[in-house]
Amino acid sequence: MIIMTILTVDHVQKSFNGRRVLKDISFQIDQGEIVGIIGQNGAGKSTLIKIINQLLPADQGKITYFGQAKIDRAQFGVMSQRSMVIPRVTVAEMIQFTQDYFSQPLAYQELVSLSGLQAFQKTKVSQLSGGQRQRLSFALALTGNPKLIFLDEPTVGMDVNSRREFWQLVHTLRDQGKSFVITNHYLQEIEDYADRLLILHQGLIQFDGTMAQLRAQHRTTTVSFVSDLPAEKLRQLPGISNLTITGTKITFTANDMAPVYRFIDQYHDQIQGLNISDDSLETLFVQMTGDQKEEHHE
Ligand SMILES: Nc1ncnc2c1ncn2[C@@H]1O[C@H](COP(=O)(O)OP(=O)(O)OP(=O)(O)O)[C@@H](O)[C@H]1O
């Protein structure tokens, strides 16, 4: 199968009041992938997504959409916290209004079923719960049958089951060839469900690849156990970082496990609940971005 490139971002730069928020951003999004863009507050994620959607001009660089400079808006859907929903209309009316906007919208029944709001078609949008409203926003983002959908914190307000169903749906749509760009502060969801990660930090894409590639680059392991060994003993362990001691719960990161195994062997009778795991995206992200302060005006 030939994979189609949906979007190419080529050396994009953007400053606000002389402050360079995006210094030099390049990447592409292909058909049928879920890409998570992560970055600290203020890293420039929303700015980048606005530039891609031509809601904000770039200072430098260019973006091509299916190889063209012009964007066909029907091919791109956006679901954001600020998605336009009119509180006084019903779910059915909201979906129908949105369908009217597009020349070839998805069918009404399909949109109702995608949102899981079959039982709420006559309910006023203002009376939906936070999670139901999110699901409606998702269906509205899909109304024009876009190829790429931007999801901004899509599962905020959803309960555990709704989250699972939501991600299953995203994966089904991905398997049908749609692509998703997700910004999310719940890094665990990005780790679990995205195919690829872009880490935006200090105006640059610091990493572009899969979770497995990120782990291979860092080769660190998180170790935790319960023990009342004195803190000084733990601090002597070579090659460990991020040591946290909360009561008797000890957690640290190791990039060489050999001394850790020797230590565990030596104190095995004082160590319980040992857990050794690959680092989570959250841990790797904090390592990559945590100790540097946000940049100031240049
Ligand atoms: N219209 C604007 N005028 C001036 N500065 C802006 C404007 N929009 C964004 N900024 C600044 O650009 C930086 C990046 O903002 P942006 O909203 O893109 O970050 P973000 O990564 O989406 O953050 P968050 O995770 O908090 O949503 C911030 O320092 C912000 O204050």
# chains A, B, ... in the order shown; residues from 1 in each chain; ligands from 1
>>> residues_near_ligand(ligand="ligand 1", cutoff="10 Å", atoms="only C-alpha atoms and all ligand atoms", output="number ranges by chain")
A: 14-22, 37-51, 56, 152-153, 183-185, 200-201, 203, 294-296
>>> write_last_selection(atoms="N, CA and C atoms", output="CSV table (one decimal), in the first residue's frame")
chain,number,residue,atom,x,y,z
A,14,LYS,N,8.0,31.0,14.3
A,14,LYS,CA,7.0,32.0,14.8
A,14,LYS,C,7.5,32.7,16.0
A,15,SER,N,7.4,34.0,16.0
A,15,SER,CA,7.8,34.8,17.2
A,15,SER,C,6.6,35.6,17.6
A,16,PHE,N,6.5,35.9,18.9
A,16,PHE,CA,5.5,36.8,19.4
A,16,PHE,C,6.3,37.9,20.1
A,17,ASN,N,6.1,39.2,19.7
A,17,ASN,CA,6.8,40.3,20.3
A,17,ASN,C,8.3,40.1,20.5
A,18,GLY,N,8.9,39.6,19.4
A,18,GLY,CA,10.3,39.4,19.4
A,18,GLY,C,10.7,38.1,20.1
A,19,ARG,N,9.8,37.3,20.7
A,19,ARG,CA,10.2,36.1,21.4
A,19,ARG,C,9.9,34.9,20.5
A,20,ARG,N,11.0,34.1,20.2
A,20,ARG,CA,10.9,33.0,19.3
A,20,ARG,C,10.2,31.8,20.0
A,21,VAL,N,9.0,31.6,19.6
A,21,VAL,CA,8.3,30.5,20.2
A,21,VAL,C,8.5,29.2,19.4
A,22,LEU,N,8.5,29.3,18.1
A,22,LEU,CA,8.8,28.2,17.2
A,22,LEU,C,10.1,28.6,16.5
A,37,ILE,N,1.6,15.2,20.1
A,37,ILE,CA,2.6,16.3,20.2
A,37,ILE,C,2.6,16.7,21.7
A,38,ILE,N,3.8,16.5,22.3
A,38,ILE,CA,3.8,16.9,23.7
A,38,ILE,C,4.8,18.0,24.0
A,39,GLY,N,4.6,18.8,25.0
A,39,GLY,CA,5.5,19.9,25.3
A,39,GLY,C,4.9,20.5,26.6
A,40,GLN,N,5.8,21.2,27.3
A,40,GLN,CA,5.4,21.9,28.5
A,40,GLN,C,4.4,22.9,28.2
A,41,ASN,N,3.7,23.5,29.3
A,41,ASN,CA,2.8,24.6,29.1
A,41,ASN,C,3.6,25.7,28.4
A,42,GLY,N,3.1,26.3,27.4
A,42,GLY,CA,3.7,27.4,26.7
A,42,GLY,C,4.8,27.0,25.7
A,43,ALA,N,4.9,25.7,25.4
A,43,ALA,CA,6.0,25.2,24.5
A,43,ALA,C,5.7,25.6,23.1
A,44,GLY,N,4.4,25.9,22.8
A,44,GLY,CA,4.0,26.3,21.4
A,44,GLY,C,3.2,25.3,20.7
A,45,LYS,N,2.6,24.4,21.4
A,45,LYS,CA,1.7,23.3,20.7
A,45,LYS,C,0.5,24.0,20.0
A,46,SER,N,-0.2,24.8,20.7
A,46,SER,CA,-1.4,25.4,20.1
A,46,SER,C,-1.0,26.4,19.0
A,47,THR,N,0.1,27.1,19.2
A,47,THR,CA,0.6,28.0,18.1
A,47,THR,C,0.8,27.2,16.9
A,48,LEU,N,1.5,26.1,17.0
A,48,LEU,CA,1.8,25.2,15.8
A,48,LEU,C,0.6,24.7,15.2
A,49,ILE,N,-0.4,24.3,16.0
A,49,ILE,CA,-1.6,23.7,15.4
A,49,ILE,C,-2.4,24.8,14.7
A,50,LYS,N,-2.4,26.0,15.3
A,50,LYS,CA,-3.1,27.2,14.6
A,50,LYS,C,-2.4,27.5,13.3
A,51,ILE,N,-1.1,27.5,13.3
A,51,ILE,CA,-0.4,27.8,12.0
A,51,ILE,C,-0.7,26.7,11.0
A,56,LEU,N,-3.3,31.3,11.9
A,56,LEU,CA,-2.3,32.2,12.4
A,56,LEU,C,-1.2,32.0,11.3
A,152,ASP,N,-7.5,18.1,20.8
A,152,ASP,CA,-6.8,18.9,21.9
A,152,ASP,C,-7.4,18.4,23.2
A,153,GLU,N,-6.6,17.7,24.0
A,153,GLU,CA,-7.0,17.1,25.3
A,153,GLU,C,-8.4,16.4,25.2
A,183,THR,N,-2.8,16.6,21.1
A,183,THR,CA,-2.1,17.2,22.2
A,183,THR,C,-2.7,16.9,23.5
A,184,ASN,N,-1.9,16.4,24.5
A,184,ASN,CA,-2.5,15.9,25.7
A,184,ASN,C,-1.5,16.0,26.8
A,185,HIS,N,-2.0,16.5,27.9
A,185,HIS,CA,-1.1,16.5,29.1
A,185,HIS,C,-1.1,15.2,29.8
A,200,LEU,N,8.1,18.7,21.7
A,200,LEU,CA,8.4,20.1,21.3
A,200,LEU,C,8.9,20.8,22.6
A,201,HIS,N,10.1,21.3,22.4
A,201,HIS,CA,10.8,21.9,23.6
A,201,HIS,C,11.7,23.0,23.1
A,203,GLY,N,11.3,25.5,21.4
A,203,GLY,CA,11.1,26.0,20.0
A,203,GLY,C,11.5,25.0,18.9
A,294,GLU,N,11.8,27.9,31.3
A,294,GLU,CA,11.3,28.4,30.0
A,294,GLU,C,12.2,29.6,29.6
A,295,GLU,N,12.4,29.7,28.3
A,295,GLU,CA,13.3,30.8,27.8
A,295,GLU,C,12.7,32.1,28.0
A,296,HIS,N,13.5,33.2,28.2
A,296,HIS,CA,12.9,34.5,28.3
A,296,HIS,C,13.2,35.2,27.0
>>> residues_around(residues="Val112 (chain A)", least_positions_apart="6", cutoff="10 Å", atoms="only C-alpha atoms", output="list of chain:residue names")
A:Val91, A:Ala92, A:Ile95, A:Gln118, A:Ala119, A:Phe120, A:Gln121, A:Arg135, A:Leu136, A:Ala139, A:Leu140
>>> write_last_selection(atoms="N, CA and C atoms", output="PDB file, in the first residue's frame")
ATOM      1  N   VAL A  91     -28.740  18.215  20.489  1.00  0.00           N
ATOM      2  CA  VAL A  91     -27.650  17.446  19.882  1.00  0.00           C
ATOM      3  C   VAL A  91     -27.940  17.244  18.391  1.00  0.00           C
ATOM      4  N   ALA A  92     -29.173  16.845  18.074  1.00  0.00           N
ATOM      5  CA  ALA A  92     -29.540  16.599  16.668  1.00  0.00           C
ATOM      6  C   ALA A  92     -29.340  17.864  15.838  1.00  0.00           C
ATOM      7  N   ILE A  95     -25.642  18.689  15.235  1.00  0.00           N
ATOM      8  CA  ILE A  95     -25.035  17.834  14.202  1.00  0.00           C
ATOM      9  C   ILE A  95     -25.516  18.278  12.809  1.00  0.00           C
ATOM     10  N   GLN A 118     -26.922   8.393  21.002  1.00  0.00           N
ATOM     11  CA  GLN A 118     -28.221   8.003  20.441  1.00  0.00           C
ATOM     12  C   GLN A 118     -29.374   8.417  21.350  1.00  0.00           C
ATOM     13  N   ALA A 119     -29.179   8.227  22.652  1.00  0.00           N
ATOM     14  CA  ALA A 119     -30.265   8.486  23.603  1.00  0.00           C
ATOM     15  C   ALA A 119     -30.431   9.974  23.915  1.00  0.00           C
ATOM     16  N   PHE A 120     -29.548  10.816  23.370  1.00  0.00           N
ATOM     17  CA  PHE A 120     -29.546  12.232  23.758  1.00  0.00           C
ATOM     18  C   PHE A 120     -29.819  13.165  22.584  1.00  0.00           C
ATOM     19  N   GLN A 121     -30.392  12.609  21.505  1.00  0.00           N
ATOM     20  CA  GLN A 121     -30.542  13.424  20.294  1.00  0.00           C
ATOM     21  C   GLN A 121     -31.410  14.657  20.527  1.00  0.00           C
ATOM     22  N   ARG A 135     -17.739  14.056  23.522  1.00  0.00           N
ATOM     23  CA  ARG A 135     -18.030  13.088  22.464  1.00  0.00           C
ATOM     24  C   ARG A 135     -18.768  13.757  21.300  1.00  0.00           C
ATOM     25  N   LEU A 136     -19.632  14.724  21.654  1.00  0.00           N
ATOM     26  CA  LEU A 136     -20.308  15.476  20.591  1.00  0.00           C
ATOM     27  C   LEU A 136     -19.273  16.274  19.787  1.00  0.00           C
ATOM     28  N   ALA A 139     -17.604  14.027  17.341  1.00  0.00           N
ATOM     29  CA  ALA A 139     -18.436  13.738  16.163  1.00  0.00           C
ATOM     30  C   ALA A 139     -18.469  14.946  15.220  1.00  0.00           C
ATOM     31  N   LEU A 140     -18.539  16.153  15.808  1.00  0.00           N
ATOM     32  CA  LEU A 140     -18.592  17.358  14.956  1.00  0.00           C
ATOM     33  C   LEU A 140     -17.281  17.519  14.179  1.00  0.00           C
TER      34      LEU A 140
END
>>> residues_around(residues="Ser103 (chain A)", least_positions_apart="4", cutoff="9 Å", atoms="only C-alpha atoms", output="list in words")
Ala74, Gln99 and Gly144 of chain A
>>> closest_residue(among="A:Asp265, A:His11, A:Phe285, A:Ile29", to="Tyr65 (chain A)", atoms="only C-alpha atoms")
A:Ile29
>>> residues_around(residues="Asp269 (chain A)", least_positions_apart="6", cutoff="12 Å", atoms="only C-alpha atoms", output="VMD selection string")
chain A and resid 226 to 229 263
>>> atom_distance(atom1="CA of Gly36 (chain A)", atom2="CA of Arg196 (chain A)")
6.3 Å
>>> residues_around(residues="region 239-256 of chain A", least_positions_apart="3", cutoff="12 Å", atoms="only C-alpha atoms", output="PyMOL selection string")
chain A and resi 215-236+259-262+270-280+283-284+286-287+290-291
